>>> print(open('query.cif').read())   # mmCIF, C-alpha atoms
data_entry
#
loop_
_atom_site.label_atom_id
_atom_site.label_comp_id
_atom_site.auth_asym_id
_atom_site.auth_seq_id
_atom_site.Cartn_x
_atom_site.Cartn_y
_atom_site.Cartn_z
CA MET A 473 -81.46 80.40 61.02
CA GLY A 474 -79.60 81.30 57.86
CA LYS A 475 -82.15 80.87 55.10
CA THR A 476 -80.77 83.68 52.96
CA THR A 477 -77.14 82.72 53.59
CA THR A 478 -78.10 79.18 52.61
CA SER A 479 -80.02 80.25 49.49
CA ALA A 480 -77.00 82.27 48.37
CA ALA A 481 -74.57 79.43 49.10
CA ILE A 482 -76.67 76.70 47.49
CA SER A 483 -77.42 78.71 44.36
CA ALA A 484 -73.78 79.78 43.94
CA GLY A 485 -72.73 76.16 44.57
CA LEU A 486 -75.08 74.93 41.84
CA ALA A 487 -73.87 77.58 39.40
CA LYS A 488 -70.26 76.72 40.21
CA ARG A 489 -71.03 73.20 39.02
CA GLY A 490 -72.14 74.61 35.67
CA LEU A 491 -75.88 74.48 36.36
CA LYS A 492 -77.81 77.53 35.25
CA THR A 493 -79.35 78.81 38.46
CA VAL A 494 -81.59 81.67 39.55
CA VAL A 495 -82.25 82.61 43.16
CA ILE A 496 -85.45 84.51 44.01
CA ASP A 497 -86.07 86.63 47.11
CA PHE A 498 -89.59 85.99 48.49
CA ASP A 499 -89.18 88.26 51.51
CA VAL A 500 -91.18 91.19 50.13
CA GLY A 501 -90.57 94.43 52.00
CA LEU A 502 -87.50 93.07 53.80
CA ARG A 503 -85.25 92.36 50.89
CA ASN A 504 -81.82 91.07 51.84
CA LEU A 505 -80.79 88.47 49.31
CA ASP A 506 -79.33 91.22 47.09
CA LEU A 507 -77.13 92.32 49.98
CA ILE A 508 -75.88 88.80 50.70
CA MET A 509 -75.25 88.23 46.98
CA GLY A 510 -73.49 91.60 46.71
CA CYS A 511 -75.68 93.01 43.94
CA GLU A 512 -77.63 95.57 46.02
CA ARG A 513 -76.39 98.49 43.93
CA ARG A 514 -77.64 97.02 40.70
CA VAL A 515 -81.31 96.51 41.54
CA VAL A 516 -83.54 98.38 39.09
CA PHE A 517 -86.69 96.30 38.71
CA ASP A 518 -87.83 93.53 41.02
CA PHE A 519 -89.97 90.41 41.33
CA ILE A 520 -93.06 92.47 42.22
CA ASN A 521 -92.61 94.77 39.19
CA VAL A 522 -92.57 91.63 37.04
CA ILE A 523 -95.63 90.10 38.72
CA GLN A 524 -97.56 93.34 38.29
CA GLY A 525 -96.53 93.67 34.66
CA ASP A 526 -94.46 96.83 35.16
CA ALA A 527 -91.26 95.21 33.93
CA LYS A 528 -90.20 92.23 31.87
CA LEU A 529 -88.60 89.32 33.67
CA LYS A 530 -85.29 89.74 31.88
CA GLN A 531 -85.11 93.38 33.02
CA ALA A 532 -85.39 92.35 36.66
CA LEU A 533 -82.91 89.48 36.55
CA ILE A 534 -79.44 90.48 37.73
CA ARG A 535 -76.53 88.49 36.42
CA ASP A 536 -73.88 87.63 38.99
CA LYS A 537 -70.53 89.27 38.31
CA ARG A 538 -68.55 86.23 39.47
CA LEU A 539 -70.44 83.36 37.87
CA ASP A 540 -71.90 83.51 34.38
CA ASN A 541 -74.74 81.10 34.99
CA LEU A 542 -75.96 82.60 38.26
CA TRP A 543 -78.81 85.12 38.34
CA VAL A 544 -80.63 86.93 41.13
CA LEU A 545 -84.26 88.04 41.13
CA PRO A 546 -84.51 90.61 43.92
CA THR A 547 -87.75 91.46 45.64
CA SER A 548 -89.31 94.82 46.41
CA GLN A 549 -88.21 96.84 49.41
CA THR A 550 -91.19 99.18 49.30
CA ARG A 551 -94.18 96.86 48.85
CA ASP A 552 -95.48 94.19 51.18
CA LYS A 553 -96.30 90.52 50.81
CA ASP A 554 -99.81 91.24 49.55
CA ALA A 555 -98.24 92.29 46.27
CA LEU A 556 -97.51 88.59 45.66
CA SER A 557 -100.15 86.45 44.01
CA ARG A 558 -100.13 82.74 43.35
CA GLU A 559 -100.90 83.24 39.66
CA GLY A 560 -98.17 85.87 39.33
CA VAL A 561 -95.58 83.69 41.02
CA GLU A 562 -96.57 80.71 38.89
CA LYS A 563 -96.22 82.71 35.69
CA VAL A 564 -92.72 83.91 36.62
CA LEU A 565 -91.63 80.41 37.69
CA ASP A 566 -92.97 78.88 34.46
CA GLU A 567 -90.99 81.39 32.45
CA LEU A 568 -87.82 80.75 34.47
CA LYS A 569 -88.25 76.97 34.18
CA LYS A 570 -87.72 77.22 30.42
CA GLU A 571 -84.26 78.68 30.90
CA PHE A 572 -82.86 77.52 34.21
CA ASP A 573 -81.72 74.17 35.59
CA TYR A 574 -82.44 75.24 39.17
CA ILE A 575 -84.76 77.85 40.66
CA VAL A 576 -83.92 78.54 44.32
CA CYS A 577 -86.69 80.29 46.26
CA ASP A 578 -85.43 82.10 49.35
CA SER A 579 -88.35 81.97 51.78
CA PRO A 580 -89.02 84.60 54.43
CA ALA A 581 -89.31 83.54 58.07
CA GLY A 582 -92.72 82.55 59.33
CA ILE A 583 -95.59 80.82 57.60
CA GLU A 584 -97.38 83.74 56.05
CA LYS A 585 -98.06 84.49 52.40
CA GLY A 586 -94.43 85.00 51.34
CA ALA A 587 -93.32 81.70 52.83
CA GLN A 588 -96.42 79.90 51.55
CA LEU A 589 -95.82 81.08 48.00
CA ALA A 590 -92.10 80.31 48.17
CA MET A 591 -92.95 76.68 48.92
CA TYR A 592 -96.17 76.25 46.95
CA PHE A 593 -94.66 75.29 43.59
CA ALA A 594 -91.59 73.52 44.98
CA ASP A 595 -90.36 70.13 43.85
CA GLU A 596 -87.80 69.93 46.64
CA ALA A 597 -87.40 71.85 49.88
CA ILE A 598 -84.38 72.53 52.05
CA VAL A 599 -85.47 73.08 55.64
CA VAL A 600 -82.78 75.12 57.38
CA THR A 601 -82.64 74.41 61.11
CA ASN A 602 -80.43 75.29 64.05
CA PRO A 603 -80.02 72.68 66.76
CA GLU A 604 -82.17 74.76 69.05
CA VAL A 605 -85.64 73.93 70.40
CA SER A 606 -87.64 76.74 68.82
CA SER A 607 -85.96 76.32 65.47
CA VAL A 608 -86.63 72.58 65.35
CA ARG A 609 -90.23 73.11 66.37
CA ASP A 610 -90.74 75.70 63.62
CA SER A 611 -89.13 73.37 61.09
CA ASP A 612 -91.59 70.67 62.06
CA ARG A 613 -94.44 73.08 61.41
CA VAL A 614 -92.99 74.00 58.02
CA LEU A 615 -92.69 70.31 57.15
CA GLY A 616 -96.39 69.97 57.91
CA LEU A 617 -97.15 72.80 55.48
CA LEU A 618 -94.92 71.26 52.81
CA ASN A 619 -97.05 68.13 53.09
CA SER A 620 -100.38 69.92 52.91
CA ARG A 621 -100.20 73.40 51.40
CA THR A 622 -98.21 72.86 48.23
CA ARG A 623 -99.22 72.14 44.67
CA ARG A 624 -97.72 68.67 44.94
CA ALA A 625 -99.79 68.01 48.06
CA GLU A 626 -103.00 69.33 46.55
CA GLN A 627 -102.82 67.55 43.21
CA SER A 628 -103.57 63.85 43.46
CA GLY A 629 -101.12 61.38 42.00
CA GLN A 630 -98.11 63.63 42.58
CA GLU A 631 -95.08 62.73 44.65
CA PRO A 632 -94.89 64.91 47.76
CA VAL A 633 -92.32 67.71 47.97
CA LYS A 634 -88.94 66.15 48.69
CA ALA A 635 -87.77 67.73 51.94
CA HIS A 636 -84.18 67.79 53.18
CA ALA A 637 -82.86 69.03 56.50
CA LEU A 638 -79.87 71.33 56.62
CA LEU A 639 -78.41 71.99 60.05
CA THR A 640 -76.61 75.29 60.40
CA ARG A 641 -74.56 76.87 63.19
CA TYR A 642 -73.62 73.43 64.46
CA ASP A 643 -71.10 73.63 67.28
CA THR A 644 -69.34 70.31 67.93
CA GLY A 645 -67.81 71.66 71.16
CA ARG A 646 -71.18 72.44 72.64
CA VAL A 647 -72.59 69.14 71.36
CA ALA A 648 -69.73 67.30 73.09
CA ARG A 649 -70.47 69.11 76.34
CA GLY A 650 -74.11 68.16 76.03
CA GLU A 651 -75.21 71.76 75.61
CA MET A 652 -76.53 71.37 72.10
CA MET A 653 -78.73 68.73 70.48
CA THR A 654 -76.86 66.38 68.18
CA VAL A 655 -77.55 65.87 64.46
CA GLU A 656 -79.12 62.54 65.37
CA ASP A 657 -81.41 64.19 67.92
CA VAL A 658 -82.68 66.69 65.38
CA LEU A 659 -83.14 64.09 62.64
CA GLU A 660 -84.94 61.77 65.00
CA ILE A 661 -87.47 64.51 65.69
CA LEU A 662 -87.89 65.80 62.13
CA ALA A 663 -87.62 62.40 60.40
CA ILE A 664 -86.38 63.70 57.06
CA PRO A 665 -83.12 62.99 55.23
CA LEU A 666 -80.10 65.12 56.05
CA LEU A 667 -78.65 67.33 53.33
CA GLY A 668 -75.74 68.65 55.34
CA VAL A 669 -74.34 70.02 58.57
CA ILE A 670 -72.83 73.51 58.46
CA PRO A 671 -70.44 74.22 61.33
CA GLU A 672 -70.67 77.46 63.27
CA SER A 673 -68.06 79.58 61.56
CA PRO A 674 -66.80 83.16 61.56
CA ALA A 675 -66.49 82.81 57.78
CA VAL A 676 -70.28 83.19 57.43
CA LEU A 677 -70.27 86.72 58.84
CA ARG A 678 -67.17 87.59 56.87
CA ALA A 679 -68.84 86.53 53.60
CA SER A 680 -72.02 88.46 54.31
CA ASN A 681 -69.98 91.56 55.23
CA VAL A 682 -68.50 91.64 51.76
CA GLY A 683 -71.56 90.37 49.88
CA THR A 684 -70.09 87.11 48.65
CA PRO A 685 -71.87 83.75 48.84
CA ILE A 686 -69.78 81.67 51.23
CA VAL A 687 -68.85 79.06 48.62
CA LEU A 688 -67.24 81.79 46.50
CA ASP A 689 -65.36 83.39 49.38
CA GLU A 690 -62.04 82.29 50.91
CA PRO A 691 -61.97 78.54 51.63
CA SER A 692 -63.73 77.75 54.89
CA LYS A 693 -65.21 74.76 56.64
CA ALA A 694 -68.68 76.22 56.34
CA GLY A 695 -68.15 76.83 52.61
CA ALA A 696 -66.92 73.25 52.12
CA ALA A 697 -69.93 71.91 54.04
CA TYR A 698 -72.25 73.88 51.73
CA GLU A 699 -70.47 72.50 48.67
CA ASP A 700 -70.99 68.98 50.01
CA ALA A 701 -74.67 69.77 50.55
CA VAL A 702 -74.96 70.95 46.94
CA ALA A 703 -73.31 67.74 45.72
CA ARG A 704 -75.90 65.70 47.64
CA LEU A 705 -78.69 67.90 46.31
CA VAL A 706 -77.74 67.05 42.73
CA GLY A 707 -77.67 63.36 43.64
CA GLU A 708 -74.04 62.63 44.41
CA GLN A 709 -73.16 60.30 47.26
CA VAL A 710 -71.03 62.35 49.62
CA GLU A 711 -70.44 61.15 53.14
CA ILE A 712 -71.66 63.54 55.85
CA ARG A 713 -68.64 65.15 57.51
CA ILE A 714 -69.24 66.87 60.78
CA GLU A 715 -66.45 69.37 61.09
CA PRO A 716 -65.32 70.58 64.48
CA ASN A 717 -65.26 74.33 64.94
CA GLU A 718 -62.02 76.21 64.65
CA ARG A 719 -59.80 74.87 67.42
CA PRO A 720 -59.09 77.46 70.07
CA GLY A 721 -55.44 78.55 70.23
CA PHE A 722 -52.89 77.22 72.68
CA PHE A 723 -53.20 80.15 75.08
CA GLN A 724 -56.98 80.06 75.02
CA ARG A 725 -56.91 76.39 75.95
CA LEU A 726 -54.34 76.99 78.63
CA PHE A 727 -56.38 79.75 80.22
CA LYS A 728 -59.57 77.75 80.02
CA ARG A 729 -57.90 74.88 81.88
CA THR A 730 -56.61 77.07 84.65
CA ALA A 731 -59.76 79.13 84.95
CA MET B 758 -51.11 93.62 69.57
CA SER B 759 -47.79 95.11 68.64
CA ILE B 760 -44.62 94.95 70.72
CA PHE B 761 -41.24 96.13 69.39
CA GLY B 762 -42.93 96.85 66.11
CA PHE B 763 -43.83 93.22 65.56
CA GLN B 764 -47.38 92.34 64.68
CA PHE B 765 -48.34 89.32 66.73
CA ARG B 766 -51.62 88.69 65.08
CA PRO B 767 -51.39 89.47 61.36
CA LYS B 768 -54.10 91.93 60.57
CA LYS B 769 -56.75 90.41 58.34
CA ALA B 770 -58.70 92.45 55.83
CA ALA B 771 -61.29 94.25 57.92
CA THR B 772 -64.54 93.08 56.40
CA ALA B 773 -66.61 94.81 59.07
CA GLN B 774 -65.58 98.13 57.52
CA THR B 775 -66.71 96.90 54.11
CA ALA B 776 -70.03 95.87 55.63
CA LYS B 777 -70.52 99.28 57.19
CA GLU B 778 -69.71 101.13 53.98
CA ARG B 779 -72.00 98.95 51.88
CA LEU B 780 -74.84 99.56 54.31
CA GLN B 781 -74.24 103.31 54.47
CA ILE B 782 -74.43 103.65 50.69
CA LEU B 783 -77.47 101.42 50.41
CA LEU B 784 -79.39 103.04 53.26
CA ALA B 785 -78.58 106.55 52.07
CA HIS B 786 -80.30 105.68 48.80
CA GLU B 787 -83.19 103.91 50.45
CA ARG B 788 -83.89 106.71 52.93
CA ALA B 789 -83.56 109.43 50.33
CA ASP B 790 -85.99 107.97 47.86
CA THR B 791 -88.19 105.37 49.45
CA ALA B 792 -90.39 105.38 46.41
CA ALA B 793 -87.49 105.06 43.95
CA GLN B 794 -88.38 101.46 43.24
CA ASP B 795 -91.72 102.51 41.93
CA ILE B 796 -90.37 105.37 39.89
CA MET B 797 -88.62 102.96 37.57
CA PRO B 798 -91.73 101.52 35.87
CA LEU B 799 -93.11 105.04 35.43
CA LEU B 800 -89.83 106.34 34.07
CA GLN B 801 -89.68 103.45 31.64
CA ARG B 802 -93.24 104.06 30.49
CA ASP B 803 -92.61 107.76 29.91
CA ILE B 804 -89.36 107.22 28.02
CA LEU B 805 -91.00 104.63 25.80
CA GLU B 806 -93.93 106.92 25.16
CA VAL B 807 -91.68 109.74 23.98
CA ILE B 808 -89.72 107.46 21.67
CA ARG B 809 -92.87 105.85 20.31
CA ARG B 810 -94.03 109.24 19.13
CA HIS B 811 -91.25 109.08 16.59
CA MET B 812 -90.58 105.43 15.90
CA ARG B 813 -92.05 102.02 16.45
CA ILE B 814 -90.31 100.06 19.22
CA ASP B 815 -91.02 96.91 21.09
CA GLY B 816 -91.59 96.97 24.87
CA ASP B 817 -89.34 93.91 25.13
CA ALA B 818 -86.41 95.71 23.57
CA VAL B 819 -85.72 97.94 26.55
CA ASP B 820 -82.93 97.25 28.98
CA ILE B 821 -82.45 99.48 32.02
CA ARG B 822 -79.43 99.05 34.30
CA MET B 823 -78.46 100.95 37.37
CA GLU B 824 -75.14 101.23 39.16
CA ARG B 825 -75.19 102.97 42.54
CA ASP B 826 -71.96 104.30 43.90
CA ASP B 827 -70.68 106.46 46.75
CA ASP B 828 -70.56 109.72 44.88
CA ARG B 829 -72.49 108.95 41.72
CA SER B 830 -75.19 106.66 40.39
CA SER B 831 -75.70 105.92 36.76
CA LEU B 832 -78.77 104.86 34.88
CA GLU B 833 -78.18 103.14 31.59
CA ILE B 834 -81.04 102.72 29.16
CA ASN B 835 -80.57 100.57 26.11
CA ILE B 836 -83.29 100.48 23.53
CA GLU B 837 -82.97 98.04 20.72
CA LEU B 838 -84.41 99.50 17.56
CA PRO B 839 -86.15 97.30 15.03
CA GLY B 840 -84.30 96.98 11.74
CA ALA B 841 -81.41 98.90 13.27
CA ARG B 842 -79.46 98.83 10.04
CA ALA B 843 -82.24 100.41 8.04
CA LEU B 844 -82.83 103.02 10.70
CA SER B 845 -79.20 104.00 11.07
CA ALA B 846 -78.98 104.31 7.29
CA GLN B 847 -81.88 106.73 7.46
CA VAL B 848 -80.22 108.72 10.21
CA ARG B 849 -76.99 109.00 8.23
CA ARG B 850 -78.86 110.49 5.32
#
>>> encode(input="query.cif", output="structure tokens")
Amino acid sequence: MGKTTTSAAISAGLAKRGLKTVVIDFDVGLRNLDLIMGCERRVVFDFINVIQGDAKLKQALIRDKRLDNLWVLPTSQTRDKDALSREGVEKVLDELKKEFDYIVCDSPAGIEKGAQLAMYFADEAIVVTNPEVSSVRDSDRVLGLLNSRTRRAEQSGQEPVKAHALLTRYDTGRVARGEMMTVEDVLEILAIPLLGVIPESPAVLRASNVGTPIVLDEPSKAGAAYEDAVARLVGEQVEIRIEPNERPGFFQRLFKRTA
Amino acid sequence: MSIFGFQFRPKKAATAQTAKERLQILLAHERADTAAQDIMPLLQRDILEVIRRHMRIDGDAVDIRMERDDDRSSLEINIELPGARALSAQVRR
């Protein structure tokens, strides 16, 4: 679905705008955010060490080498999700809130403890969806949890968590041929505002190969779409652009026609 | 494809190779010392204990950084001493 790619892109996009941002990996035992952010060789202490009191928060935070106001809080590769506790997470988030403009929580897949804790204290949520039946169904389930199993949902008098949909791996060619659900189809089902549409792009794999958030890598349509999404997230009015995929070359088109 | 020495498709930087190398380094470390993550808090505790035998330091004043590389990893431990000026004066004497 691209939750980690998206967390990396959104947090780097926020930091690029001068907002002090930290991105936290909630996928305990299957840590990957560090790899996508390119800081995997600098992990010493992690989120779980901090929660369990084995390290101070500032020891576990890794400063990005490209952007001064971007920090990564990696998770543990050796523990499992039971090492997370609601109180521990709350304490860490409260401490981070004092220093950071944005705290991006990269949720694991599924709806178990890691995902529940990643969403529990959220003010806003970005639901990353592919235009694919199982993905949309899962997103609907997650939206249900955002409306019931979060602090905002449990405390009376609070606004609910503000949820946005982000469509990734969108392929205009396949949409045109009727092989893929359209943005409108997905939004009609999920009934939440759209934060952005990220086109299917080879640039995403390229960026993860080298450990660079896509918005900091070579210019690409996917990177530009993420930057637009970040602009909308901070409240700017940016028209939704749905970019076609890279056009196939002349020969490819020629062969396709004759085939 | 190359005909008559001309490169038809300019070769782009091969990022797949970078990906493979990054993974090899990372996994070599992870497979070798699965428990390494949990050694760090213990190592920190022990180092602090030794230093505390001789001087008073704050648990907050410790900064541990690690840099893993292909052939060598380095562990950097910075301990901020209280009243550093006074202490260094003592040392010089």
>>> closest_residue(input="query.cif", among="A:Arg678, A:Arg624, A:Arg503, A:Lys553", to="chain B", atoms="only C-alpha atoms")
A:Arg678
>>> closest_residue(input="query.cif", among="B:Asp803, B:Asp820, B:Asp815, B:Asp827", to="chain A", atoms="only C-alpha atoms")
B:Asp820
>>> closest_residue(input="query.cif", among="A:Asp612, A:Glu715, A:Asp518, A:Asp540", to="A:Val600", atoms="only C-alpha atoms")
A:Asp612
>>> closest_atom_pairs(input="query.cif", of="chain A", to="chain B", cutoff="8 Å", atoms="only C-alpha atoms", output="tab-separated table")
residue	atom	partner	partner_atom	distance
A:Glu512	CA	B:Leu783	CA	7.3
A:Arg513	CA	B:Arg825	CA	4.8
A:Arg514	CA	B:Glu824	CA	5.1
A:Val515	CA	B:Met823	CA	6.7
A:Val516	CA	B:Met823	CA	5.9
A:Phe517	CA	B:Met797	CA	7.0
A:Asn521	CA	B:Pro798	CA	7.6
A:Asp526	CA	B:Pro798	CA	5.5
A:Ala527	CA	B:Pro798	CA	6.6
A:Lys528	CA	B:Asp817	CA	7.0
A:Gln531	CA	B:Asp820	CA	6.0
A:Ser548	CA	B:Gln794	CA	7.4
A:Gln549	CA	B:Gln794	CA	7.7
A:Thr550	CA	B:Thr791	CA	6.9
A:Arg678	CA	B:Thr772	CA	6.1
A:Ser680	CA	B:Ala776	CA	7.8
A:Asn681	CA	B:Ala776	CA	4.3
A:Val682	CA	B:Ala776	CA	5.9
>>> resolve_selection(input="query.cif", expression="the PyMOL selection byres ((chain A and resi 698) around 10)", output="compact mmCIF listing (two decimals) with C-alpha atoms, keeping the file's coordinate frame")
# COMPACT_ATOMS: atom_id res chain seq x y z
CA THR A 478 -78.10 79.18 52.61
CA ALA A 481 -74.57 79.43 49.10
CA ILE A 482 -76.67 76.70 47.49
CA ALA A 484 -73.78 79.78 43.94
CA GLY A 485 -72.73 76.16 44.57
CA LEU A 638 -79.87 71.33 56.62
CA THR A 640 -76.61 75.29 60.40
CA LEU A 667 -78.65 67.33 53.33
CA GLY A 668 -75.74 68.65 55.34
CA VAL A 669 -74.34 70.02 58.57
CA ILE A 670 -72.83 73.51 58.46
CA PRO A 671 -70.44 74.22 61.33
CA ILE A 686 -69.78 81.67 51.23
CA VAL A 687 -68.85 79.06 48.62
CA SER A 692 -63.73 77.75 54.89
CA LYS A 693 -65.21 74.76 56.64
CA ALA A 694 -68.68 76.22 56.34
CA GLY A 695 -68.15 76.83 52.61
CA ALA A 696 -66.92 73.25 52.12
CA ALA A 697 -69.93 71.91 54.04
CA GLU A 699 -70.47 72.50 48.67
CA ASP A 700 -70.99 68.98 50.01
CA ALA A 701 -74.67 69.77 50.55
CA VAL A 702 -74.96 70.95 46.94
CA ALA A 703 -73.31 67.74 45.72
CA ARG A 704 -75.90 65.70 47.64
>>> atom_distance(input="query.cif", atom1="atom CA of A:Trp543", atom2="atom CA of A:Val494")
4.6 Å
>>> atom_distance(input="query.cif", atom1="atom CA of A:Leu556", atom2="atom CA of A:Ile523")
7.3 Å
>>> resolve_selection(input="query.cif", expression="the PyMOL selection byres ((chain A and resi 610) around 12)", output="PyMOL selection string")
chain A and resi 473+581-583+599-609+611-617+661-662
>>> write_last_selection(input="query.cif", atoms="C-alpha atoms", output="PDB file, in the coordinates of the input")
ATOM      1  CA  MET A 473     -81.460  80.400  61.020  1.00  0.00           C
ATOM      2  CA  ALA A 581     -89.310  83.540  58.070  1.00  0.00           C
ATOM      3  CA  GLY A 582     -92.720  82.550  59.330  1.00  0.00           C
ATOM      4  CA  ILE A 583     -95.590  80.820  57.600  1.00  0.00           C
ATOM      5  CA  VAL A 599     -85.470  73.080  55.640  1.00  0.00           C
ATOM      6  CA  VAL A 600     -82.780  75.120  57.380  1.00  0.00           C
ATOM      7  CA  THR A 601     -82.640  74.410  61.110  1.00  0.00           C
ATOM      8  CA  ASN A 602     -80.430  75.290  64.050  1.00  0.00           C
ATOM      9  CA  PRO A 603     -80.020  72.680  66.760  1.00  0.00           C
ATOM     10  CA  GLU A 604     -82.170  74.760  69.050  1.00  0.00           C
ATOM     11  CA  VAL A 605     -85.640  73.930  70.400  1.00  0.00           C
ATOM     12  CA  SER A 606     -87.640  76.740  68.820  1.00  0.00           C
ATOM     13  CA  SER A 607     -85.960  76.320  65.470  1.00  0.00           C
ATOM     14  CA  VAL A 608     -86.630  72.580  65.350  1.00  0.00           C
ATOM     15  CA  ARG A 609     -90.230  73.110  66.370  1.00  0.00           C
ATOM     16  CA  SER A 611     -89.130  73.370  61.090  1.00  0.00           C
ATOM     17  CA  ASP A 612     -91.590  70.670  62.060  1.00  0.00           C
ATOM     18  CA  ARG A 613     -94.440  73.080  61.410  1.00  0.00           C
ATOM     19  CA  VAL A 614     -92.990  74.000  58.020  1.00  0.00           C
ATOM     20  CA  LEU A 615     -92.690  70.310  57.150  1.00  0.00           C
ATOM     21  CA  GLY A 616     -96.390  69.970  57.910  1.00  0.00           C
ATOM     22  CA  LEU A 617     -97.150  72.800  55.480  1.00  0.00           C
ATOM     23  CA  ILE A 661     -87.470  64.510  65.690  1.00  0.00           C
ATOM     24  CA  LEU A 662     -87.890  65.800  62.130  1.00  0.00           C
TER      25      LEU A 662
END
>>> resolve_selection(input="query.cif", expression="the PyMOL selection byres ((chain A and resi 488) around 9)", output="VMD selection string")
chain A and resid 483 to 487 489 to 491 539 541 to 542 687 to 688
>>> atom_distance(input="query.cif", atom1="atom CA of B:Arg813", atom2="atom CA of A:Arg535")
28.7 Å
>>> closest_residue(input="query.cif", among="B:Met812, B:Ala785, B:Val807, B:Leu800", to="B:Ile834", atoms="all atoms listed in the file")
B:Leu800
>>> axis_aligned_box(input="query.cif", around="stretch 647-664 of chain A", padding_each_side="3 Å", output="JSON")
{"center_x": -78.8, "center_y": 66.8, "center_z": 66.7, "size_x": 24.2, "size_y": 16.0, "size_z": 25.3}
>>> residues_around(input="query.cif", residues="A:Ile598", least_positions_apart="4", cutoff="7 Å", atoms="all atoms listed in the file", output="PyMOL selection string")
chain A and resi 635-638
>>> decode(input="query.cif", residues="stretch 655-660 of chain A", atoms="all heavy atoms", output="PDB file, in the first residue's frame")
ATOM      1  N   VAL A 655     -10.589   7.507  -8.957  1.00  0.00           N
ATOM      2  CA  VAL A 655     -10.523   8.254  -7.698  1.00  0.00           C
ATOM      3  C   VAL A 655     -11.938   8.442  -7.156  1.00  0.00           C
ATOM      4  O   VAL A 655     -12.199   8.238  -5.968  1.00  0.00           O
ATOM      5  CB  VAL A 655      -9.896   9.645  -7.930  1.00  0.00           C
ATOM      6  CG1 VAL A 655      -9.843  10.420  -6.636  1.00  0.00           C
ATOM      7  CG2 VAL A 655      -8.511   9.535  -8.524  1.00  0.00           C
ATOM      8  N   GLU A 656     -12.841   8.824  -8.058  1.00  0.00           N
ATOM      9  CA  GLU A 656     -14.224   9.085  -7.643  1.00  0.00           C
ATOM     10  C   GLU A 656     -14.865   7.835  -7.049  1.00  0.00           C
ATOM     11  O   GLU A 656     -15.569   7.917  -6.037  1.00  0.00           O
ATOM     12  CB  GLU A 656     -15.062   9.588  -8.838  1.00  0.00           C
ATOM     13  CG  GLU A 656     -14.673  10.964  -9.366  1.00  0.00           C
ATOM     14  CD  GLU A 656     -13.375  10.962 -10.200  1.00  0.00           C
ATOM     15  OE1 GLU A 656     -13.004   9.875 -10.723  1.00  0.00           O
ATOM     16  OE2 GLU A 656     -12.729  12.025 -10.311  1.00  0.00           O
ATOM     17  N   ASP A 657     -14.607   6.689  -7.685  1.00  0.00           N
ATOM     18  CA  ASP A 657     -15.149   5.424  -7.163  1.00  0.00           C
ATOM     19  C   ASP A 657     -14.699   5.206  -5.721  1.00  0.00           C
ATOM     20  O   ASP A 657     -15.508   4.902  -4.845  1.00  0.00           O
ATOM     21  CB  ASP A 657     -14.628   4.227  -7.990  1.00  0.00           C
ATOM     22  CG  ASP A 657     -15.178   4.213  -9.407  1.00  0.00           C
ATOM     23  OD1 ASP A 657     -16.225   4.846  -9.632  1.00  0.00           O
ATOM     24  OD2 ASP A 657     -14.553   3.582 -10.280  1.00  0.00           O
ATOM     25  N   VAL A 658     -13.403   5.359  -5.502  1.00  0.00           N
ATOM     26  CA  VAL A 658     -12.848   5.086  -4.176  1.00  0.00           C
ATOM     27  C   VAL A 658     -13.400   6.074  -3.150  1.00  0.00           C
ATOM     28  O   VAL A 658     -13.796   5.689  -2.047  1.00  0.00           O
ATOM     29  CB  VAL A 658     -11.297   5.131  -4.201  1.00  0.00           C
ATOM     30  CG1 VAL A 658     -10.733   4.943  -2.809  1.00  0.00           C
ATOM     31  CG2 VAL A 658     -10.744   4.076  -5.150  1.00  0.00           C
ATOM     32  N   LEU A 659     -13.455   7.343  -3.540  1.00  0.00           N
ATOM     33  CA  LEU A 659     -13.946   8.362  -2.599  1.00  0.00           C
ATOM     34  C   LEU A 659     -15.427   8.179  -2.295  1.00  0.00           C
ATOM     35  O   LEU A 659     -15.875   8.437  -1.180  1.00  0.00           O
ATOM     36  CB  LEU A 659     -13.697   9.769  -3.148  1.00  0.00           C
ATOM     37  CG  LEU A 659     -12.228  10.171  -3.244  1.00  0.00           C
ATOM     38  CD1 LEU A 659     -12.120  11.584  -3.793  1.00  0.00           C
ATOM     39  CD2 LEU A 659     -11.535  10.080  -1.884  1.00  0.00           C
ATOM     40  N   GLU A 660     -16.162   7.719  -3.287  1.00  0.00           N
ATOM     41  CA  GLU A 660     -17.584   7.491  -3.081  1.00  0.00           C
ATOM     42  C   GLU A 660     -17.784   6.418  -2.012  1.00  0.00           C
ATOM     43  O   GLU A 660     -18.664   6.516  -1.166  1.00  0.00           O
ATOM     44  CB  GLU A 660     -18.202   7.043  -4.408  1.00  0.00           C
ATOM     45  CG  GLU A 660     -19.718   7.078  -4.420  1.00  0.00           C
ATOM     46  CD  GLU A 660     -20.269   6.451  -5.686  1.00  0.00           C
ATOM     47  OE1 GLU A 660     -19.708   6.717  -6.775  1.00  0.00           O
ATOM     48  OE2 GLU A 660     -21.234   5.677  -5.575  1.00  0.00           O
TER      49      GLU A 660
END
